[in-house]
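Reproduced below: final00.cif, with mmCIF, C-alpha atoms.
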```cif
data_input
loop_
_atom_site.group_PDB
_atom_site.id
_atom_site.type_symbol
_atom_site.label_atom_id
_atom_site.label_comp_id
_atom_site.auth_asym_id
_atom_site.auth_seq_id
_atom_site.Cartn_x
_atom_site.Cartn_y
_atom_site.Cartn_z
ATOM 1 C CA MET A 1 19.669 -28.213 -5.794
ATOM 2 C CA VAL A 2 19.655 -30.759 -8.539
ATOM 3 C CA THR A 3 20.026 -34.394 -7.620
ATOM 4 C CA HIS A 4 20.096 -37.180 -10.159
ATOM 5 C CA VAL A 5 16.731 -38.537 -11.296
ATOM 6 C CA PRO A 6 17.520 -41.689 -13.302
ATOM 7 C CA ALA A 7 15.535 -41.822 -16.532
ATOM 8 C CA GLU A 8 15.205 -45.591 -16.410
ATOM 9 C CA ALA A 9 13.855 -45.627 -12.865
ATOM 10 C CA HIS A 10 10.285 -44.826 -13.800
ATOM 11 C CA GLY A 11 10.194 -45.424 -17.533
ATOM 12 C CA ASP A 12 7.036 -43.537 -18.450
ATOM 13 C CA GLU A 13 6.048 -39.884 -18.663
ATOM 14 C CA ARG A 14 3.974 -39.919 -15.477
ATOM 15 C CA GLY A 15 6.767 -41.557 -13.532
ATOM 16 C CA ALA A 16 9.338 -39.123 -14.882
ATOM 17 C CA LEU A 17 7.209 -36.079 -14.032
ATOM 18 C CA LEU A 18 6.447 -37.379 -10.540
ATOM 19 C CA SER A 19 10.137 -38.202 -9.970
ATOM 20 C CA PHE A 20 11.195 -34.670 -10.859
ATOM 21 C CA LEU A 21 8.525 -33.296 -8.527
ATOM 22 C CA ALA A 22 9.745 -35.574 -5.723
ATOM 23 C CA GLU A 23 13.304 -34.395 -6.370
ATOM 24 C CA GLN A 24 12.296 -30.768 -5.818
ATOM 25 C CA ARG A 25 10.301 -31.599 -2.692
ATOM 26 C CA GLY A 26 13.486 -33.214 -1.397
ATOM 27 C CA GLY A 27 15.375 -29.952 -1.771
ATOM 28 C CA ILE A 28 13.023 -28.227 0.636
ATOM 29 C CA ARG A 29 12.957 -31.144 3.082
ATOM 30 C CA ARG A 30 16.759 -31.337 3.111
ATOM 31 C CA ALA A 31 17.058 -27.611 3.810
ATOM 32 C CA LEU A 32 15.357 -28.317 7.148
ATOM 33 C CA LEU A 33 17.710 -31.148 8.191
ATOM 34 C CA GLY A 34 19.100 -30.687 11.679
ATOM 35 C CA LEU A 35 17.511 -27.310 12.351
ATOM 36 C CA THR A 36 15.701 -26.251 15.484
ATOM 37 C CA ALA A 37 12.161 -24.919 15.275
ATOM 38 C CA GLU A 38 13.545 -21.437 15.880
ATOM 39 C CA GLN A 39 16.058 -21.732 13.044
ATOM 40 C CA ALA A 40 13.393 -23.091 10.672
ATOM 41 C CA ALA A 41 11.119 -20.155 11.491
ATOM 42 C CA SER A 42 13.832 -17.499 11.280
ATOM 43 C CA ARG A 43 14.194 -15.088 8.370
ATOM 44 C CA PRO A 44 17.953 -14.582 7.927
ATOM 45 C CA SER A 45 17.822 -12.634 4.673
ATOM 46 C CA ALA A 46 16.198 -9.457 3.413
ATOM 47 C CA SER A 47 13.196 -11.587 2.461
ATOM 48 C CA GLU A 48 10.291 -12.405 4.769
ATOM 49 C CA LEU A 49 10.695 -16.082 3.834
ATOM 50 C CA SER A 50 11.591 -18.780 6.332
ATOM 51 C CA LEU A 51 12.200 -22.477 5.725
ATOM 52 C CA ALA A 52 9.183 -23.423 7.845
ATOM 53 C CA GLY A 53 7.056 -20.982 5.864
ATOM 54 C CA LEU A 54 8.262 -22.317 2.520
ATOM 55 C CA LEU A 55 7.431 -25.844 3.658
ATOM 56 C CA LYS A 56 3.894 -24.849 4.657
ATOM 57 C CA HIS A 57 3.393 -22.856 1.453
ATOM 58 C CA CYS A 58 4.522 -25.674 -0.831
ATOM 59 C CA ALA A 59 2.298 -28.216 0.937
ATOM 60 C CA GLU A 60 -0.733 -25.901 0.750
ATOM 61 C CA VAL A 61 -0.123 -24.995 -2.883
ATOM 62 C CA GLU A 62 0.235 -28.624 -3.949
ATOM 63 C CA GLN A 63 -2.917 -29.601 -2.051
ATOM 64 C CA SER A 64 -4.913 -26.722 -3.533
ATOM 65 C CA TRP A 65 -3.915 -27.545 -7.111
ATOM 66 C CA LEU A 66 -4.619 -31.230 -6.562
ATOM 67 C CA ALA A 67 -8.064 -30.370 -5.175
ATOM 68 C CA ARG A 68 -8.825 -28.205 -8.222
ATOM 69 C CA ALA A 69 -7.785 -30.998 -10.578
ATOM 70 C CA LYS A 70 -10.071 -33.410 -8.706
ATOM 71 C CA GLY A 71 -12.942 -30.907 -8.767
ATOM 72 C CA ASP A 72 -12.794 -30.473 -4.977
ATOM 73 C CA GLU A 73 -12.387 -27.410 -2.800
ATOM 74 C CA PRO A 74 -8.875 -26.701 -1.470
ATOM 75 C CA ALA A 75 -8.414 -27.622 2.209
ATOM 76 C CA VAL A 76 -7.391 -24.025 2.985
ATOM 77 C CA HIS A 77 -8.814 -20.947 1.290
ATOM 78 C CA ARG A 78 -6.433 -18.045 0.739
ATOM 79 C CA ASP A 79 -7.342 -14.678 -0.687
ATOM 80 C CA GLU A 80 -5.892 -11.175 -0.710
ATOM 81 C CA SER A 81 -6.581 -10.793 3.021
ATOM 82 C CA ASN A 82 -4.803 -13.924 4.252
ATOM 83 C CA TRP A 83 -2.455 -15.182 1.522
ATOM 84 C CA HIS A 84 0.621 -14.336 3.628
ATOM 85 C CA GLU A 85 -0.483 -16.787 6.359
ATOM 86 C CA CYS A 86 0.640 -19.717 4.229
ATOM 87 C CA PHE A 87 4.232 -18.565 4.777
ATOM 88 C CA ARG A 88 4.200 -18.818 8.598
ATOM 89 C CA LEU A 89 3.480 -21.646 10.999
ATOM 90 C CA ALA A 90 0.586 -20.858 13.324
ATOM 91 C CA GLY A 91 -1.006 -22.401 16.393
ATOM 92 C CA ASP A 92 0.128 -25.968 16.911
ATOM 93 C CA GLU A 93 1.715 -26.274 13.459
ATOM 94 C CA SER A 94 5.299 -27.505 13.457
ATOM 95 C CA VAL A 95 7.904 -28.437 10.894
ATOM 96 C CA GLU A 96 7.215 -32.083 11.710
ATOM 97 C CA SER A 97 3.442 -31.730 11.232
ATOM 98 C CA GLN A 98 3.928 -29.850 7.960
ATOM 99 C CA LEU A 99 6.384 -32.476 6.683
ATOM 100 C CA ALA A 100 3.850 -35.207 7.527
ATOM 101 C CA TYR A 101 1.055 -33.236 5.849
ATOM 102 C CA TRP A 102 3.134 -32.681 2.713
ATOM 103 C CA GLU A 103 4.035 -36.375 2.597
ATOM 104 C CA LYS A 104 0.297 -37.196 2.657
ATOM 105 C CA VAL A 105 -0.419 -34.618 -0.060
ATOM 106 C CA ALA A 106 2.476 -35.950 -2.172
ATOM 107 C CA ALA A 107 1.100 -39.502 -1.936
ATOM 108 C CA GLU A 108 -2.337 -38.224 -2.992
ATOM 109 C CA THR A 109 -0.782 -36.349 -5.917
ATOM 110 C CA GLU A 110 1.077 -39.448 -7.077
ATOM 111 C CA ALA A 111 -1.976 -41.709 -6.771
ATOM 112 C CA PHE A 112 -4.153 -39.201 -8.607
ATOM 113 C CA ILE A 113 -1.722 -38.598 -11.473
ATOM 114 C CA ARG A 114 -1.154 -42.324 -11.908
ATOM 115 C CA ALA A 115 -4.935 -42.934 -11.961
ATOM 116 C CA VAL A 116 -6.129 -40.231 -14.376
ATOM 117 C CA PRO A 117 -7.015 -41.750 -17.731
ATOM 118 C CA SER A 118 -4.799 -39.295 -19.639
ATOM 119 C CA LEU A 119 -2.340 -36.525 -18.863
ATOM 120 C CA ASP A 120 -4.232 -34.633 -21.562
ATOM 121 C CA ASP A 121 -7.404 -34.562 -19.407
ATOM 122 C CA THR A 122 -8.188 -30.995 -18.321
ATOM 123 C CA PHE A 123 -9.667 -29.052 -15.452
ATOM 124 C CA ALA A 124 -10.724 -25.441 -15.004
ATOM 125 C CA LEU A 125 -8.314 -22.801 -13.805
ATOM 126 C CA PRO A 126 -9.372 -20.754 -10.793
ATOM 127 C CA ASP A 127 -11.396 -17.626 -11.421
ATOM 128 C CA GLN A 128 -8.572 -15.208 -10.647
ATOM 129 C CA PRO A 129 -7.428 -12.199 -12.657
ATOM 130 C CA TRP A 130 -4.008 -13.647 -13.495
ATOM 131 C CA PHE A 131 -5.569 -16.660 -15.289
ATOM 132 C CA PRO A 132 -7.405 -16.480 -18.611
ATOM 133 C CA PRO A 133 -11.189 -16.415 -18.243
ATOM 134 C CA GLU A 134 -12.677 -19.875 -18.526
ATOM 135 C CA GLY A 135 -9.172 -21.278 -18.938
ATOM 136 C CA ARG A 136 -8.434 -24.968 -18.700
ATOM 137 C CA VAL A 137 -5.169 -26.843 -18.215
ATOM 138 C CA SER A 138 -4.101 -30.457 -18.534
ATOM 139 C CA MET A 139 -2.943 -32.863 -15.846
ATOM 140 C CA ARG A 140 0.486 -32.636 -17.485
ATOM 141 C CA TRP A 141 0.397 -28.857 -16.960
ATOM 142 C CA LEU A 142 -0.539 -29.473 -13.313
ATOM 143 C CA VAL A 143 2.544 -31.592 -12.615
ATOM 144 C CA LEU A 144 4.823 -29.260 -14.566
ATOM 145 C CA HIS A 145 3.404 -26.305 -12.626
ATOM 146 C CA LEU A 146 4.017 -28.092 -9.305
ATOM 147 C CA ILE A 147 7.590 -28.870 -10.381
ATOM 148 C CA ARG A 148 8.156 -25.212 -11.285
ATOM 149 C CA GLU A 149 6.578 -23.878 -8.080
ATOM 150 C CA THR A 150 8.461 -26.308 -5.844
ATOM 151 C CA ALA A 151 11.773 -25.811 -7.652
ATOM 152 C CA ARG A 152 11.513 -22.056 -7.280
ATOM 153 C CA HIS A 153 11.026 -22.395 -3.553
ATOM 154 C CA ALA A 154 13.718 -25.078 -3.253
ATOM 155 C CA GLY A 155 16.125 -22.443 -4.579
ATOM 156 C CA HIS A 156 14.899 -20.000 -1.964
ATOM 157 C CA ALA A 157 15.385 -22.727 0.658
ATOM 158 C CA ASP A 158 19.010 -23.242 -0.441
ATOM 159 C CA ILE A 159 19.760 -19.543 0.090
ATOM 160 C CA ILE A 160 17.958 -19.356 3.427
ATOM 161 C CA ARG A 161 19.696 -22.470 4.769
ATOM 162 C CA GLU A 162 23.127 -21.272 3.694
ATOM 163 C CA SER A 163 22.386 -17.901 5.322
ATOM 164 C CA LEU A 164 21.464 -19.661 8.579
ATOM 165 C CA ASP A 165 24.497 -21.869 9.126
ATOM 166 C CA GLY A 166 26.533 -22.061 5.941
ATOM 167 C CA ALA A 167 25.224 -25.508 4.966
ATOM 168 C CA THR A 168 25.041 -25.890 1.201
ATOM 169 C CA ALA A 169 22.682 -28.072 -0.781
ATOM 170 C CA PHE A 170 25.514 -30.477 -1.641
ATOM 171 C CA GLU A 171 26.368 -30.885 2.047
ATOM 172 C CA LEU A 172 22.718 -31.502 2.891
ATOM 173 C CA VAL A 173 22.385 -34.190 0.204
ATOM 174 C CA ALA A 174 25.433 -35.918 1.686
ATOM 175 C CA LYS A 175 24.053 -35.536 5.220
ATOM 176 C CA GLU A 176 20.705 -36.985 4.163
ATOM 177 C CA ARG A 177 22.513 -39.972 2.678
ATOM 178 C CA GLY A 178 24.560 -40.491 5.819
ATOM 179 C CA GLY A 179 27.842 -39.220 4.416
ATOM 180 C CA SER A 180 29.847 -36.073 4.262
ATOM 181 C CA PHE A 181 30.645 -33.689 1.444
ATOM 182 C CA GLY A 182 34.148 -32.919 0.397
#
```

I need this file expressed as structure tokens, please.
Amino acid sequence: MVTHVPAEAHGDERGALLSFLAEQRGGIRRALLGLTAEQAASRPSASELSLAGLLKHCAEVEQSWLARAKGDEPAVHRDESNWHECFRLAGDESVESQLAYWEKVAAETEAFIRAVPSLDDTFALPDQPWFPPEGRVSMRWLVLHLIRETARHAGHADIIRESLDGATAFELVAKERGGSFG
């Protein structure tokens, strides 16, 4: 769900990109407002997606792309045999722990993007068949990719939440802000 990101709030390209990314993260966080752990883990549609799983996936994806841009290894390695595990909480993972983890990752993303000398600086794409061989992308591409990935899943989160209890994105924005919609 789109919320207003004021253009004058951050004034520069980095600030604008990071603000739009934060806006999309908020859509996923809001979709979890007031839910029990069971509701967050449930899959109320034809899809295998749950809100808890989307949260975990988005946090892992952001961390892995940030690690690549820094030249580090991702914290969690996923391949064809275990990629689906990023869509389900496991062990002692909880919505609260994943929200805290994503908040930490988001702060690292912001600090990194603000510190890189140029958004035109590049890093290597992963060696995976869906990327061009020896491909490179810019830091600008990184943030735009994270916005796109998070926005896609924020849309999924809207549908899942409405399927759970009828709450719409507009109602959740109002709830987050301490008001009511309508």

(request) Excluding Ala107 of chain A and residues on its chain fewer than 6 positions from it, collect all residues at most 12 Å away from it, counting all atoms listed in the file, and give them as a ChimeraX atom specification. (result) /A:18,21-22,59,62-63,66,100-101,113-114

(request) Return as a ChimeraX atom specification the set of residues that the PyMOL selection byres ((chain A and resi 136-153) around 10) yields on the displayed structure. (result) /A:1-2,13-14,17-28,49,51,54-55,57-59,61-62,65-66,68-69,109-110,112-113,116-126,131-135,154-159

(message) As an exercise, work out the distance from atom CA of Phe181 of chain A to atom CA of Ala167 of chain A in Å and give it to one decimal place.
(response)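 Separation between atom CA of Phe181 of chain A and atom CA of Ala167 of chain A: 10.4 Å.
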
(request) For atom CA of Pro129 of chain A and atom CA of Glu85 of chain A, determine how far apart the two atoms are, in Å to one decimal place. (result)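 Taking atom CA of Pro129 of chain A and atom CA of Glu85 of chain A, their separation equals 20.8 Å.
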
(message) So the first atom is atom CA of Ile160 of chain A and the second is atom CA of Pro44 of chain A; what is the distance between them in Å, to one decimal place?
(response)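 Result for atom CA of Ile160 of chain A versus atom CA of Pro44 of chain A: 6.6 Å, one decimal.
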
(request) Give me the result of the PyMOL selection byres ((chain A and resi 36-43) around 10) on this file, residue by residue, as a PyMOL selection string. (result) chain A and resi 31-35+44-55+87-89+94-96+160-161+163-165

Size and centre in Å, one decimal, axis-aligned box, all listed segment 142-152 of chain A atoms plus 6 Å per side, as lines of an AutoDock Vina configuration file:
```
center_x = 5.6
center_y = -26.8
center_z = -10.2
size_x = 24.3
size_y = 21.5
size_z = 20.7
```

(request) Might you pull out every residue within 9 Å of Arg30 of chain A, with all atoms listed in the file counted and same-chain residues fewer than 5 positions away left off, and present them as a PyMOL selection string? (result) chain A and resi 25+169+172-173+175-176
